[in-house]
Amino acid sequence: MKEIANLIINSINTTINSINTTLDITLPWLALALILAGDIWLFWQGQKKIREGKAEMTDVTLQLIVLGMLEVGVIIFFWFIPMLLMGDKISWLRSTLRWLIFAFILFYVIYVYGHEYGERRWLFSTIGHLGVLVAGWVIDKWVGIILVSFPLFLFYYTSIYTQAMVIVPFSNPEDRKERWKRFVVLAAYSWGIQFPIMVIPDHAWKKPDVRIPGDFTRDYPVPGIVWAKAHQVTAITAGTQFKRIDGPGMVFTGKLERPFQIVDLRLQLRTSEIDAISKDGVNFRARVFTAFRMDPEQWDDKTFEEISKRNRSLAEARSPTYTLGSFPFSHQRIQTALQVTSSKFTPEATPIYWDQWVLNYVEKQARLILSQKSLDELWRPQNDENLANGLDAISKELKDAVLLPLRAIGILVYAARVVNFRFVTADGSPDDTIPNRQIASWSAERERKKARILADAQAEAEKMQQEARAYAETLLLNSIAEGLQKAQKVNPDLPHYVIAMRFLSSLEDYIRQKSAGAELPSDDPKLAEFMAYVRRARSSLSEQGGN
């Protein structure tokens, strides 16, 4: 049994030694092949950038030359110098020298890339990984690295992956690509070579808060993060070029990519006070209110035709391209809006964000419209209908002026109003002179209207009285005529004036009876005038009979 055990141990040792010898021979050539393959790939990528106009031939050639020189230096120092100095007799000393050269190169590279933003994480990660590799090598060279070091690395990075799924924010937890990027973010952080990780705070959402700084100019496949809310999308730039609209929610960034603007997809409510001048040269301050958002609606044929005429860049933006969740939006509409609204007066000036640009545009149109109105039209529109309000007419004109131009750049305006105005002195204190003067003017006009209405009513009353008097006289004469006709039928010889006098006497007695019974007012001047008219008529008939 002992011989069998020794035979097995010897066989295992022989196998391990053969594996180590084979790897000693093949790994350098394999590394060289990988280096050459990498150079070929970089050369192909450089030619592609040259054809696309993203790089110059001299820049690509210089990069390849520098990289080649570095690779040759590494091969010489790491492989050939130890062989020339130590030969094949002292293999352990040659291996030690190579490990020292490898450790120096590893420390130098990680220090260059990780010391600025990695605090001491770069140092701990380098020492830990190098220690695990050396331990495996000491145990049994390449076989020890394969059987000991690699499993430890696998366990370590598996734990980082598990922690990344908990620590690193996510947008879609079921997306495998996103899960891998989250793992890479945390792994890069452990080495100190992370890209910037930014958070969009609620209190200052226009400016990202850099929670974990990093170098976004490095050319390696490590993503950065812009952690936005579900109602926010991020405009990404790469250098001086606009790159894309990404989101909503968390966004991964690459080389040279930075958040340009954060767009809130919710309804934006803005109010401001502007200085304005009326058509008659009166200075005042007006309060402007507007409600708007990035246009989330599907355009009908009429709207699409009008917008396409104004802005051809929205010809492919008829429908929202993102329809999940509560805040649909169109990537092209947002890009167009940012292209129009994003500007700086000087390189040192604070950038004008899209929502402020919209408010500035509404304020400009409000000043223009108010400058076309007289002071009186601020309270009372030109078409002064019943219950008409001057501010309502101004607000309707303002919304009509801004609705289509802003929608033609991807922004939908729900309300644009001048809600109030006030007059102030030079030092900003309230000035009631103009309102009091206007009130006095209105009072005088109201009194004029009142006097005109009363005069018209009095004239109409007199006209009605005259018409009533003429009508009453007509009725009286008709009644007398009818009485005469009936009396003649009874007694044809009876004189007409006698019949008329009897009729008038009866009418006068009837009116006295009604006045005595309070059915008719006895002190009514109209009634007295009528009684006098009856008496005059009777006297006239009496004189006619006497003649």
# chains A, B, ... in the order shown; residues from 1 in each chain; ligands from 1

$ residues_around --residues "A:Phe284" --least-positions-apart "3" --cutoff "7 Å" --atoms "only C-alpha atoms" --output "PyMOL selection string"
chain A and resi 275-277+421-424

$ write_last_selection --atoms "C-alpha atoms" --output "short mmCIF file (atom, residue, chain, number, x, y, z; two decimals), in the first residue's frame"
data_model
loop_
_atom_site.label_atom_id
_atom_site.label_comp_id
_atom_site.auth_asym_id
_atom_site.auth_seq_id
_atom_site.Cartn_x
_atom_site.Cartn_y
_atom_site.Cartn_z
CA ASP A 275 -41.26 95.50 -15.67
CA ALA A 276 -43.58 96.68 -18.44
CA ILE A 277 -44.62 99.90 -20.17
CA PHE A 421 -50.03 94.15 -12.01
CA ARG A 422 -49.03 96.95 -9.66
CA PHE A 423 -47.53 100.41 -9.73
CA VAL A 424 -44.44 101.29 -7.73
#

$ residues_around --residues "A:Val418" --least-positions-apart "2" --cutoff "6 Å" --atoms "only C-alpha atoms" --output "VMD selection string"
chain A and resid 287 to 288 395 420

$ write_last_selection --atoms "N, CA and C atoms" --output "PDB file, in the first residue's frame"
ATOM      1  N   ARG A 287     -47.297  90.520 -12.922  1.00  0.00           N
ATOM      2  CA  ARG A 287     -47.007  89.167 -12.459  1.00  0.00           C
ATOM      3  C   ARG A 287     -47.421  88.175 -13.547  1.00  0.00           C
ATOM      4  N   VAL A 288     -46.446  87.378 -14.017  1.00  0.00           N
ATOM      5  CA  VAL A 288     -46.673  86.418 -15.109  1.00  0.00           C
ATOM      6  C   VAL A 288     -46.626  85.011 -14.546  1.00  0.00           C
ATOM      7  N   SER A 395     -54.380  87.543 -21.260  1.00  0.00           N
ATOM      8  CA  SER A 395     -53.866  86.187 -21.067  1.00  0.00           C
ATOM      9  C   SER A 395     -54.178  85.299 -22.267  1.00  0.00           C
ATOM     10  N   ASN A 420     -51.645  89.618 -12.471  1.00  0.00           N
ATOM     11  CA  ASN A 420     -51.800  90.824 -11.656  1.00  0.00           C
ATOM     12  C   ASN A 420     -50.782  91.871 -12.122  1.00  0.00           C
TER      13      ASN A 420
END

$ select_by_dssp --residues "stretch 152-217 of chain A" --states "strand (DSSP E or B)" --output "PyMOL selection string"
chain A and resi 197-199+209-212

$ write_last_selection --atoms "C-alpha atoms" --output "PDB file, in the first residue's frame"
ATOM      1  CA  ILE A 197     -21.024  58.589  -9.664  1.00  0.00           C
ATOM      2  CA  MET A 198     -23.557  61.420  -9.486  1.00  0.00           C
ATOM      3  CA  VAL A 199     -26.917  61.844  -7.773  1.00  0.00           C
ATOM      4  CA  ASP A 209     -24.217  66.165  -6.991  1.00  0.00           C
ATOM      5  CA  VAL A 210     -20.958  64.197  -7.442  1.00  0.00           C
ATOM      6  CA  ARG A 211     -21.098  61.680  -4.589  1.00  0.00           C
ATOM      7  CA  ILE A 212     -18.071  59.625  -5.690  1.00  0.00           C
TER       8      ILE A 212
END

$ atom_distance --atom1 "atom CA of A:Glu273" --atom2 "atom CA of A:Ala408"
26.0 Å

$ atom_distance --atom1 "atom CA of A:Leu133" --atom2 "atom CA of A:Phe150"
8.4 Å
